[in-house]
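A.B. asks: Pasting query-v3.txt below, which is compact mmCIF, C-alpha atoms.
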```txt
# COMPACT_ATOMS: atom_id res chain seq x y z
CA PHE A 1 -4.47 -3.08 37.90
CA ASN A 2 -6.55 -0.07 36.84
CA VAL A 3 -3.41 2.08 36.77
CA TYR A 4 -1.74 -0.52 34.54
CA LEU A 5 -4.73 -0.61 32.19
CA ASN A 6 -4.83 3.17 31.97
CA LYS A 7 -1.09 3.37 31.27
CA SER A 8 -1.39 0.70 28.58
CA ALA A 9 -4.29 2.55 26.94
CA VAL A 10 -2.32 5.80 26.92
CA SER A 11 0.74 4.06 25.44
CA LEU A 12 -1.34 2.41 22.71
CA THR A 13 -3.04 5.72 21.89
CA GLU A 14 0.30 7.50 21.54
CA ALA A 15 1.82 4.70 19.49
CA LEU A 16 -1.19 4.58 17.18
CA ALA A 17 -1.18 8.33 16.61
CA ASP A 18 2.57 8.30 15.97
CA SER A 19 2.15 5.60 13.32
CA TYR A 20 0.34 8.00 10.98
CA PRO A 21 2.33 11.23 10.57
CA VAL A 22 0.48 12.37 7.44
CA LEU A 23 -2.88 11.78 9.07
CA ARG A 24 -1.64 13.79 12.05
CA GLU A 25 -0.68 16.68 9.77
CA LEU A 26 -4.09 16.61 8.09
CA VAL A 27 -6.24 16.63 11.23
CA GLY A 28 -3.95 17.91 13.98
CA ASP A 29 -2.77 16.44 17.29
CA GLU A 30 -6.05 16.77 19.17
CA PHE A 31 -8.18 15.11 16.51
CA ILE A 32 -5.88 12.16 15.82
CA THR A 33 -5.45 11.58 19.56
CA ALA A 34 -9.24 11.51 19.97
CA MET A 35 -9.57 9.01 17.09
CA ALA A 36 -6.77 6.86 18.45
CA ARG A 37 -8.29 6.90 21.94
CA ALA A 38 -11.68 5.82 20.57
CA TYR A 39 -10.02 3.06 18.53
CA VAL A 40 -8.08 1.74 21.52
CA ALA A 41 -11.20 1.79 23.69
CA GLY A 42 -13.00 -0.57 21.31
CA ASN A 43 -10.13 -2.67 19.99
CA LEU A 44 -7.94 -4.68 22.31
CA PRO A 45 -4.60 -5.85 20.87
CA ALA A 46 -4.59 -9.47 19.67
CA SER A 47 -0.85 -9.33 18.96
CA PRO A 48 2.15 -7.70 20.63
CA VAL A 49 3.26 -6.47 17.19
CA LEU A 50 2.07 -2.89 16.72
CA ILE A 51 1.84 -3.12 12.92
CA HIS A 52 -0.78 -5.85 13.31
CA TYR A 53 -2.74 -3.84 15.84
CA VAL A 54 -2.99 -0.65 13.80
CA GLY A 55 -3.85 -2.41 10.56
CA SER A 56 -7.61 -1.92 10.90
CA PHE A 57 -7.38 1.76 11.88
CA ALA A 58 -8.49 2.87 8.39
CA GLU A 59 -11.66 0.77 8.63
CA PHE A 60 -12.33 2.37 12.01
CA ILE A 61 -11.95 5.85 10.48
CA ASP A 62 -14.46 4.89 7.76
CA GLY A 63 -17.10 4.60 10.48
CA PHE A 64 -15.89 7.37 12.79
CA PRO A 65 -18.59 10.09 12.56
CA PRO A 66 -16.35 13.14 13.18
CA ALA A 67 -14.12 12.06 10.26
CA GLN A 68 -16.91 11.98 7.69
CA ALA A 69 -16.33 15.63 6.77
CA LEU A 70 -12.99 14.55 5.27
CA PRO A 71 -13.80 11.32 3.38
CA CYS A 72 -10.22 10.94 2.08
CA LEU A 73 -8.81 10.37 5.58
CA ALA A 74 -9.33 6.62 5.68
CA ASP A 75 -7.65 6.09 2.31
CA VAL A 76 -4.68 8.29 3.20
CA THR A 77 -4.40 6.12 6.29
CA ARG A 78 -4.43 3.04 4.05
CA VAL A 79 -1.52 4.47 2.05
CA GLU A 80 0.42 5.04 5.28
CA SER A 81 -0.37 1.51 6.46
CA ALA A 82 0.70 0.06 3.10
CA TRP A 83 3.99 1.97 3.30
CA THR A 84 4.62 0.57 6.79
CA HIS A 85 3.82 -2.99 5.70
CA ALA A 86 6.11 -2.66 2.69
CA TYR A 87 8.91 -1.26 4.84
CA HIS A 88 8.73 -4.18 7.29
CA ALA A 89 8.09 -6.90 4.70
CA THR A 90 10.40 -9.85 4.18
CA ASP A 91 13.43 -9.04 2.05
CA SER A 92 13.45 -10.56 -1.41
CA THR A 93 15.32 -10.19 -4.66
CA ARG A 94 13.76 -8.59 -7.71
CA ILE A 95 14.10 -9.94 -11.22
CA SER A 96 14.27 -8.26 -14.60
CA VAL A 97 11.80 -8.75 -17.42
CA ASN A 98 14.73 -10.41 -19.21
CA ALA A 99 14.05 -13.48 -17.06
CA LEU A 100 11.12 -14.21 -19.35
CA GLN A 101 13.56 -14.87 -22.17
CA ARG A 102 14.90 -17.93 -20.33
CA ILE A 103 11.52 -19.64 -20.52
CA THR A 104 10.60 -21.62 -23.62
CA PRO A 105 7.49 -20.35 -25.46
CA ASP A 106 5.55 -23.54 -24.75
CA LEU A 107 5.96 -22.98 -20.98
CA LEU A 108 5.49 -19.21 -20.91
CA ASP A 109 1.69 -19.15 -21.05
CA GLY A 110 1.49 -21.49 -18.06
CA SER A 111 4.02 -19.60 -15.95
CA ARG A 112 3.04 -17.54 -12.93
CA LEU A 113 4.74 -14.49 -11.47
CA GLN A 114 5.67 -14.51 -7.80
CA LEU A 115 5.06 -10.96 -6.66
CA HIS A 116 7.42 -9.25 -4.24
CA PRO A 117 6.41 -9.81 -0.58
CA SER A 118 6.45 -6.06 0.07
CA LEU A 119 3.94 -5.33 -2.70
CA GLN A 120 0.87 -3.38 -1.60
CA VAL A 121 -1.91 -1.85 -3.70
CA VAL A 122 -4.25 0.89 -2.50
CA GLN A 123 -7.36 1.89 -4.44
CA SER A 124 -9.16 5.08 -3.50
CA ASP A 125 -12.09 7.15 -4.68
CA TRP A 126 -10.00 10.16 -3.66
CA PRO A 127 -6.51 11.47 -4.53
CA ALA A 128 -5.13 9.72 -1.45
CA VAL A 129 -1.77 8.82 -3.00
CA THR A 130 -1.18 12.37 -4.23
CA ILE A 131 -2.07 13.75 -0.80
CA TRP A 132 0.33 11.33 0.88
CA SER A 133 3.10 12.11 -1.62
CA ALA A 134 2.69 15.86 -1.17
CA HIS A 135 3.28 15.45 2.56
CA GLN A 136 6.65 13.84 1.89
CA LEU A 137 8.00 17.11 0.47
CA PRO A 138 10.50 18.91 2.72
CA SER A 139 8.79 22.24 3.33
CA GLN A 140 5.27 23.41 4.12
CA ASN A 141 5.33 25.72 1.09
CA ASP A 142 6.21 22.81 -1.19
CA ARG A 143 3.38 20.76 0.26
CA GLN A 144 0.84 23.54 -0.19
CA SER A 145 1.95 24.11 -3.77
CA ALA A 146 1.63 20.40 -4.57
CA LEU A 147 -1.88 20.29 -3.13
CA GLU A 148 -3.17 23.43 -4.86
CA GLY A 149 -5.63 22.57 -7.57
CA ILE A 150 -5.40 18.86 -6.87
CA ALA A 151 -7.94 16.92 -8.93
CA GLN A 152 -10.64 15.31 -6.78
CA THR A 153 -10.50 12.03 -8.64
CA GLY A 154 -9.88 8.45 -7.63
CA GLU A 155 -6.38 6.98 -7.70
CA CYS A 156 -4.60 3.68 -7.37
CA GLY A 157 -1.18 3.40 -5.82
CA LEU A 158 1.47 0.69 -5.98
CA ILE A 159 3.75 0.47 -2.94
CA VAL A 160 6.79 -1.80 -3.04
CA ARG A 161 10.26 -2.05 -1.47
CA PRO A 162 12.41 -3.95 -3.98
CA GLU A 163 15.63 -2.88 -2.28
CA PHE A 164 16.21 -0.41 0.57
CA GLU A 165 13.61 2.29 -0.07
CA VAL A 166 9.85 2.02 -0.28
CA ASN A 167 8.55 3.29 -3.60
CA VAL A 168 5.06 4.74 -3.89
CA GLN A 169 3.69 5.48 -7.33
CA LEU A 170 0.40 6.00 -9.09
CA ILE A 171 -0.63 3.29 -11.51
CA GLU A 172 -3.14 3.28 -14.35
CA PRO A 173 -6.25 1.07 -14.26
CA ILE A 174 -4.73 -1.26 -16.85
CA VAL A 175 -1.77 -1.95 -14.53
CA LEU A 176 -4.18 -2.64 -11.70
CA LYS A 177 -6.03 -5.04 -14.00
CA LEU A 178 -2.87 -7.10 -14.56
CA LEU A 179 -1.87 -6.98 -10.89
CA THR A 180 -5.32 -8.15 -9.81
CA ALA A 181 -5.16 -11.09 -12.21
CA LEU A 182 -1.69 -12.08 -10.99
CA GLN A 183 -2.63 -11.73 -7.32
CA ASN A 184 -5.59 -14.03 -7.98
CA GLY A 185 -3.22 -16.72 -9.24
CA SER A 186 -3.62 -16.29 -13.00
CA THR A 187 -0.88 -17.59 -15.27
CA LEU A 188 0.67 -15.16 -17.76
CA GLY A 189 -1.47 -16.72 -20.46
CA GLN A 190 -4.65 -16.30 -18.44
CA ALA A 191 -3.73 -12.73 -17.52
CA ALA A 192 -3.13 -11.87 -21.16
CA GLY A 193 -6.45 -13.45 -22.11
CA ALA A 194 -8.26 -11.33 -19.54
CA PHE A 195 -7.16 -8.16 -21.31
CA GLY A 196 -9.42 -8.64 -24.33
CA GLU A 197 -8.91 -7.41 -27.86
CA ASN A 198 -8.87 -3.71 -27.00
CA ASP A 199 -6.10 -3.92 -24.39
CA ILE A 200 -4.04 -6.92 -25.45
CA ALA A 201 -1.66 -4.73 -27.47
CA GLN A 202 -0.66 -3.03 -24.22
CA PHE A 203 -0.10 -6.25 -22.30
CA GLY A 204 3.63 -6.43 -23.03
CA ALA A 205 4.21 -2.81 -22.07
CA VAL A 206 2.24 -3.17 -18.83
CA LEU A 207 4.09 -6.38 -17.98
CA GLY A 208 7.44 -4.68 -18.59
CA TYR A 209 6.41 -1.76 -16.40
CA LEU A 210 5.46 -4.12 -13.58
CA PHE A 211 8.90 -5.73 -13.70
CA SER A 212 10.55 -2.28 -13.74
CA THR A 213 8.93 -1.33 -10.43
CA GLY A 214 10.56 -4.30 -8.70
CA ALA A 215 7.18 -5.90 -8.07
CA VAL A 216 8.21 -9.31 -9.44
CA ALA A 217 10.38 -11.60 -7.33
CA ALA A 218 10.34 -14.82 -9.39
CA ILE A 219 8.68 -16.75 -12.20
CA ARG A 220 7.10 -20.03 -11.24
CA GLN A 221 6.76 -23.09 -13.46
CA ASN A 222 5.45 -26.33 -11.99
CA GLN A 223 6.31 -25.20 -8.45
CA GLU A 224 9.79 -24.09 -9.53
CA PHE A 225 11.01 -20.51 -9.67
CA ALA A 226 13.07 -18.87 -12.40
```
If you took the structure in this file and wrote it as structure tokens, what would it be?

C.D. replies:
Amino acid sequence: FNVYLNKSAVSLTEALADSYPVLRELVGDEFITAMARAYVAGNLPASPVLIHYVGSFAEFIDGFPPAQALPCLADVTRVESAWTHAYHATDSTRISVNALQRITPDLLDGSRLQLHPSLQVVQSDWPAVTIWSAHQLPSQNDRQSALEGIAQTGECGLIVRPEFEVNVQLIEPIVLKLLTALQNGSTLGQAAGAFGENDIAQFGAVLGYLFSTGAVAAIRQNQEFA
């Protein structure tokens, strides 16, 4: 039984470390293996599905003392986790912003957008999305060039798989503002009202951008979808 437990722990450690290739590149094999081993020691799997087990790894890294010297690590891990969730999410169609034209004006304000099931949003106080994106480049020289002079500012990333490939892109705070309202169940009218006088002129452009990313799967009116 002890041999079985040890073998299971080793397998979980290896699987966890393999789930985060960018994190591995940032800290090296020895460090990520040590983090994964510590995580496994204190977190027994509650599901046989690996993606569910590794989901709280970023929160673990937040409190892992040896990782505090690199405070961006947890958020880079969140980007990797979001990519994995988007990749494995339920398939769904995407709709064009032109779908709004099929809704009569009197119903538009009360309509809600059904967001794509793969949609993930990651907010970070660090350039976590840029760091992740740089590590997708093909060569080490390209990665180093992309990371040179990187601004140490916070970012927000939108991750979505509208078709076959997962798209990761930076979004502006105003896009996040609309997404947050929609995720909280706001109608289009309520979301527009939350923008205020200073930002309302940009509402249409931001809404169009959101459709263009493939983040919208349907428009709901009285429990029906357009």

A.B. asks: Hey, which of A:Ser212, A:Ser124, A:Asn167, A:Gln202 ends up closest to Leu73 of chain A? Count all atoms listed in the file.

C.D. replies: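 Selected residue with least distance to Leu73 of chain A: A:Ser124.
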
A.B. asks: When distances are computed from only C-alpha atoms, which of A:Ala17, A:Leu170, A:Leu179, A:Leu23 shows the smallest separation from Arg112 of chain A?

C.D. replies: A:Leu179

A.B. asks: Could you check how far atom CA of Gly185 of chain A sits from atom CA of Ala201 of chain A, in Å to one decimal?

C.D. replies: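 Computing the Euclidean distance for atom CA of Gly185 of chain A and atom CA of Ala201 of chain A yields 21.9 Å.
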
A.B. asks: In Å, rounded to a single decimal, give me how far atom CA of Trp132 of chain A is from atom CA of Ile32 of chain A.

C.D. replies: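 Separating atom CA of Ile32 of chain A from atom CA of Trp132 of chain A is a distance of 16.2 Å.
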
A.B. asks: Using the file's own x, y and z axes, so that the box edges lie along x, y and z, what centre and edge lengths in Å (one decimal) does a box around every listed atom of segment 206-221 of chain A get when 8 Å is added on each side? Give it as AutoDock Vina command-line options.

C.D. replies:
```
--center_x 6.4 --center_y -12.2 --center_z -13.1 --size_x 24.3 --size_y 37.8 --size_z 27.5
```

A.B. asks: So which residues are close to (2.7, -8.8, -4.6), meaning at most 10 Å away in the file's coordinates with only C-alpha atoms counted, and can you show them as a PyMOL selection string?

C.D. replies: chain A and resi 113-121+158-160+179-180+182-183+214-217

A.B. asks: Using C-alpha atoms, can you write the selected residues to a file as a compact mmCIF listing (two decimals), in the coordinates of the input?

C.D. replies:
```txt
# COMPACT_ATOMS: atom_id res chain seq x y z
CA LEU A 113 4.74 -14.49 -11.47
CA GLN A 114 5.67 -14.51 -7.80
CA LEU A 115 5.06 -10.96 -6.66
CA HIS A 116 7.42 -9.25 -4.24
CA PRO A 117 6.41 -9.81 -0.58
CA SER A 118 6.45 -6.06 0.07
CA LEU A 119 3.94 -5.33 -2.70
CA GLN A 120 0.87 -3.38 -1.60
CA VAL A 121 -1.91 -1.85 -3.70
CA LEU A 158 1.47 0.69 -5.98
CA ILE A 159 3.75 0.47 -2.94
CA VAL A 160 6.79 -1.80 -3.04
CA LEU A 179 -1.87 -6.98 -10.89
CA THR A 180 -5.32 -8.15 -9.81
CA LEU A 182 -1.69 -12.08 -10.99
CA GLN A 183 -2.63 -11.73 -7.32
CA GLY A 214 10.56 -4.30 -8.70
CA ALA A 215 7.18 -5.90 -8.07
CA VAL A 216 8.21 -9.31 -9.44
CA ALA A 217 10.38 -11.60 -7.33
```

A.B. asks: Under the rule that all atoms listed in the file are counted, which of A:Leu178, A:Gly208, A:Phe31, A:Ala218 is the nearest residue to Gly196 of chain A?

C.D. replies: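 That would be A:Leu178, the residue with the smallest distance to Gly196 of chain A.
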
A.B. asks: Could you pull the residues within 6 Å of segment 55-60 of chain A, counting only C-alpha atoms, minus those fewer than 6 positions along the same chain, as a short mmCIF file (atom, residue, chain, number, x, y, z; two decimals) with C-alpha atoms, in the coordinates of the input?

C.D. replies:
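Output contents, as saved in out.cif:
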```cif
data_model
loop_
_atom_site.label_atom_id
_atom_site.label_comp_id
_atom_site.auth_asym_id
_atom_site.auth_seq_id
_atom_site.Cartn_x
_atom_site.Cartn_y
_atom_site.Cartn_z
CA ALA A 74 -9.33 6.62 5.68
CA THR A 77 -4.40 6.12 6.29
CA ARG A 78 -4.43 3.04 4.05
#
```

A.B. asks: So the first atom is atom CA of Ile219 of chain A and the second is atom CA of Cys156 of chain A; what is the distance between them in Å, to one decimal place?

C.D. replies: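 Atom CA of Ile219 of chain A sits 24.8 Å away from atom CA of Cys156 of chain A.
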
A.B. asks: Closest to Thr33 of chain A among A:Ile51, A:Leu12, A:Ala205, A:Val79, using all atoms listed in the file?

C.D. replies: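 Smallest distance to Thr33 of chain A is found for A:Leu12.
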
A.B. asks: Report as a PyMOL selection string all protein, DNA and RNA residues lying within 10 Å of Ile150 of chain A, evaluated on only C-alpha atoms, omitting residues in the same chain fewer than 5 positions from it.

C.D. replies: chain A and resi 127+130-131+145

A.B. asks: Got a sec to check which residues sit within 10 Å of (-9.9, -4.3, 19.2), counting all atoms listed in the file, and write them as a list in words?

C.D. replies: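 Here is the list of nearby residues: Tyr39, Val40, Ala41, Gly42, Asn43, Leu44, Pro45, Ala46, Tyr53, Val54, Ser56 and Phe57 of chain A.
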
A.B. asks: Considering only C-alpha atoms, can you say which of A:Cys72, A:Leu210, A:Ile61, A:Ala38 comes closest to Trp126 of chain A?

C.D. replies: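 Of A:Cys72, A:Leu210, A:Ile61, A:Ala38, the one nearest Trp126 of chain A is A:Cys72, counting only C-alpha atoms.
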
A.B. asks: Determine the nearest neighbour of Val129 of chain A from the options A:Ser11, A:Ser186, A:Asn198, A:Gln152, counting all atoms listed in the file.

C.D. replies: A:Gln152

A.B. asks: Contacts of Asp125 of chain A at 7 Å or less, counting only C-alpha atoms, minus same-chain residues fewer than 3 places along, as a PDB file with C-alpha atoms, in the frame of the given file?

C.D. replies:
```pdb
ATOM      1  CA  THR A 153     -10.500  12.030  -8.640  1.00  0.00           C
ATOM      2  CA  GLY A 154      -9.880   8.450  -7.630  1.00  0.00           C
ATOM      3  CA  GLU A 155      -6.380   6.980  -7.700  1.00  0.00           C
TER       4      GLU A 155
END
```

A.B. asks: Produce segment 55-82 of chain A of the given structure as output with N, CA, C and O atoms, as a PDB file, in the first residue's frame.

C.D. replies:
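Output saved as part_21.pdb:
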```
ATOM      1  N   GLY A  55      -6.273  22.835 -10.730  1.00  0.00           N
ATOM      2  CA  GLY A  55      -6.866  24.157 -10.846  1.00  0.00           C
ATOM      3  C   GLY A  55      -6.483  25.129  -9.750  1.00  0.00           C
ATOM      4  O   GLY A  55      -6.471  26.348  -9.964  1.00  0.00           O
ATOM      5  N   SER A  56      -6.169  24.618  -8.560  1.00  0.00           N
ATOM      6  CA  SER A  56      -5.828  25.506  -7.442  1.00  0.00           C
ATOM      7  C   SER A  56      -4.319  25.646  -7.250  1.00  0.00           C
ATOM      8  O   SER A  56      -3.860  26.156  -6.221  1.00  0.00           O
ATOM      9  N   PHE A  57      -3.547  25.212  -8.236  1.00  0.00           N
ATOM     10  CA  PHE A  57      -2.088  25.277  -8.110  1.00  0.00           C
ATOM     11  C   PHE A  57      -1.605  26.723  -7.999  1.00  0.00           C
ATOM     12  O   PHE A  57      -0.667  27.021  -7.255  1.00  0.00           O
ATOM     13  N   ALA A  58      -2.253  27.647  -8.727  1.00  0.00           N
ATOM     14  CA  ALA A  58      -1.837  29.051  -8.662  1.00  0.00           C
ATOM     15  C   ALA A  58      -2.020  29.614  -7.259  1.00  0.00           C
ATOM     16  O   ALA A  58      -1.157  30.365  -6.761  1.00  0.00           O
ATOM     17  N   GLU A  59      -3.137  29.264  -6.604  1.00  0.00           N
ATOM     18  CA  GLU A  59      -3.365  29.732  -5.242  1.00  0.00           C
ATOM     19  C   GLU A  59      -2.304  29.166  -4.292  1.00  0.00           C
ATOM     20  O   GLU A  59      -1.856  29.843  -3.366  1.00  0.00           O
ATOM     21  N   PHE A  60      -1.906  27.923  -4.543  1.00  0.00           N
ATOM     22  CA  PHE A  60      -0.838  27.336  -3.742  1.00  0.00           C
ATOM     23  C   PHE A  60       0.456  28.121  -3.918  1.00  0.00           C
ATOM     24  O   PHE A  60       1.165  28.413  -2.944  1.00  0.00           O
ATOM     25  N   ILE A  61       0.778  28.482  -5.172  1.00  0.00           N
ATOM     26  CA  ILE A  61       2.017  29.219  -5.436  1.00  0.00           C
ATOM     27  C   ILE A  61       1.993  30.583  -4.754  1.00  0.00           C
ATOM     28  O   ILE A  61       3.023  31.079  -4.285  1.00  0.00           O
ATOM     29  N   ASP A  62       0.804  31.200  -4.668  1.00  0.00           N
ATOM     30  CA  ASP A  62       0.688  32.486  -3.967  1.00  0.00           C
ATOM     31  C   ASP A  62       1.238  32.400  -2.546  1.00  0.00           C
ATOM     32  O   ASP A  62       1.815  33.367  -2.037  1.00  0.00           O
ATOM     33  N   GLY A  63       1.047  31.259  -1.899  1.00  0.00           N
ATOM     34  CA  GLY A  63       1.485  31.113  -0.514  1.00  0.00           C
ATOM     35  C   GLY A  63       2.730  30.264  -0.343  1.00  0.00           C
ATOM     36  O   GLY A  63       3.081  29.915   0.793  1.00  0.00           O
ATOM     37  N   PHE A  64       3.399  29.934  -1.441  1.00  0.00           N
ATOM     38  CA  PHE A  64       4.597  29.097  -1.376  1.00  0.00           C
ATOM     39  C   PHE A  64       5.812  29.998  -1.163  1.00  0.00           C
ATOM     40  O   PHE A  64       6.209  30.736  -2.073  1.00  0.00           O
ATOM     41  N   PRO A  65       6.414  29.996   0.033  1.00  0.00           N
ATOM     42  CA  PRO A  65       7.475  30.971   0.357  1.00  0.00           C
ATOM     43  C   PRO A  65       8.604  31.069  -0.658  1.00  0.00           C
ATOM     44  O   PRO A  65       9.012  32.179  -1.027  1.00  0.00           O
ATOM     45  N   PRO A  66       9.157  29.955  -1.165  1.00  0.00           N
ATOM     46  CA  PRO A  66      10.269  30.088  -2.117  1.00  0.00           C
ATOM     47  C   PRO A  66       9.887  30.796  -3.418  1.00  0.00           C
ATOM     48  O   PRO A  66      10.766  31.234  -4.163  1.00  0.00           O
ATOM     49  N   ALA A  67       8.583  30.903  -3.721  1.00  0.00           N
ATOM     50  CA  ALA A  67       8.156  31.540  -4.969  1.00  0.00           C
ATOM     51  C   ALA A  67       7.930  33.045  -4.816  1.00  0.00           C
ATOM     52  O   ALA A  67       7.658  33.722  -5.809  1.00  0.00           O
ATOM     53  N   GLN A  68       8.052  33.555  -3.605  1.00  0.00           N
ATOM     54  CA  GLN A  68       7.734  34.969  -3.386  1.00  0.00           C
ATOM     55  C   GLN A  68       8.725  35.914  -4.067  1.00  0.00           C
ATOM     56  O   GLN A  68       8.411  37.086  -4.299  1.00  0.00           O
ATOM     57  N   ALA A  69       9.911  35.423  -4.378  1.00  0.00           N
ATOM     58  CA  ALA A  69      10.895  36.266  -5.070  1.00  0.00           C
ATOM     59  C   ALA A  69      10.463  36.585  -6.494  1.00  0.00           C
ATOM     60  O   ALA A  69      10.937  37.550  -7.094  1.00  0.00           O
ATOM     61  N   LEU A  70       9.564  35.774  -7.052  1.00  0.00           N
ATOM     62  CA  LEU A  70       9.036  36.001  -8.400  1.00  0.00           C
ATOM     63  C   LEU A  70       7.508  36.090  -8.306  1.00  0.00           C
ATOM     64  O   LEU A  70       6.800  35.110  -8.550  1.00  0.00           O
ATOM     65  N   PRO A  71       6.988  37.253  -7.922  1.00  0.00           N
ATOM     66  CA  PRO A  71       5.541  37.371  -7.640  1.00  0.00           C
ATOM     67  C   PRO A  71       4.635  37.171  -8.847  1.00  0.00           C
ATOM     68  O   PRO A  71       3.432  37.009  -8.678  1.00  0.00           O
ATOM     69  N   CYS A  72       5.209  37.171 -10.066  1.00  0.00           N
ATOM     70  CA  CYS A  72       4.370  36.970 -11.256  1.00  0.00           C
ATOM     71  C   CYS A  72       4.056  35.498 -11.506  1.00  0.00           C
ATOM     72  O   CYS A  72       3.197  35.180 -12.333  1.00  0.00           O
ATOM     73  N   LEU A  73       4.731  34.588 -10.804  1.00  0.00           N
ATOM     74  CA  LEU A  73       4.604  33.160 -11.108  1.00  0.00           C
ATOM     75  C   LEU A  73       3.170  32.654 -11.003  1.00  0.00           C
ATOM     76  O   LEU A  73       2.691  31.913 -11.868  1.00  0.00           O
ATOM     77  N   ALA A  74       2.474  33.050  -9.948  1.00  0.00           N
ATOM     78  CA  ALA A  74       1.112  32.550  -9.749  1.00  0.00           C
ATOM     79  C   ALA A  74       0.196  32.998 -10.878  1.00  0.00           C
ATOM     80  O   ALA A  74      -0.640  32.220 -11.357  1.00  0.00           O
ATOM     81  N   ASP A  75       0.353  34.246 -11.326  1.00  0.00           N
ATOM     82  CA  ASP A  75      -0.521  34.737 -12.390  1.00  0.00           C
ATOM     83  C   ASP A  75      -0.175  34.134 -13.743  1.00  0.00           C
ATOM     84  O   ASP A  75      -1.069  33.909 -14.575  1.00  0.00           O
ATOM     85  N   VAL A  76       1.086  33.877 -14.006  1.00  0.00           N
ATOM     86  CA  VAL A  76       1.447  33.153 -15.234  1.00  0.00           C
ATOM     87  C   VAL A  76       0.821  31.756 -15.197  1.00  0.00           C
ATOM     88  O   VAL A  76       0.314  31.260 -16.216  1.00  0.00           O
ATOM     89  N   THR A  77       0.819  31.153 -14.020  1.00  0.00           N
ATOM     90  CA  THR A  77       0.175  29.857 -13.854  1.00  0.00           C
ATOM     91  C   THR A  77      -1.322  29.959 -14.121  1.00  0.00           C
ATOM     92  O   THR A  77      -1.926  29.056 -14.719  1.00  0.00           O
ATOM     93  N   ARG A  78      -1.936  31.054 -13.705  1.00  0.00           N
ATOM     94  CA  ARG A  78      -3.367  31.255 -13.963  1.00  0.00           C
ATOM     95  C   ARG A  78      -3.651  31.369 -15.467  1.00  0.00           C
ATOM     96  O   ARG A  78      -4.670  30.888 -15.951  1.00  0.00           O
ATOM     97  N   VAL A  79      -2.749  32.014 -16.188  1.00  0.00           N
ATOM     98  CA  VAL A  79      -2.917  32.102 -17.643  1.00  0.00           C
ATOM     99  C   VAL A  79      -2.832  30.708 -18.256  1.00  0.00           C
ATOM    100  O   VAL A  79      -3.640  30.338 -19.120  1.00  0.00           O
ATOM    101  N   GLU A  80      -1.860  29.915 -17.801  1.00  0.00           N
ATOM    102  CA  GLU A  80      -1.740  28.550 -18.325  1.00  0.00           C
ATOM    103  C   GLU A  80      -2.981  27.717 -17.986  1.00  0.00           C
ATOM    104  O   GLU A  80      -3.480  26.941 -18.823  1.00  0.00           O
ATOM    105  N   SER A  81      -3.483  27.865 -16.772  1.00  0.00           N
ATOM    106  CA  SER A  81      -4.689  27.126 -16.379  1.00  0.00           C
ATOM    107  C   SER A  81      -5.889  27.554 -17.217  1.00  0.00           C
ATOM    108  O   SER A  81      -6.699  26.722 -17.641  1.00  0.00           O
ATOM    109  N   ALA A  82      -6.005  28.874 -17.453  1.00  0.00           N
ATOM    110  CA  ALA A  82      -7.122  29.385 -18.260  1.00  0.00           C
ATOM    111  C   ALA A  82      -7.044  28.836 -19.677  1.00  0.00           C
ATOM    112  O   ALA A  82      -8.071  28.496 -20.284  1.00  0.00           O
TER     113      ALA A  82
END
```
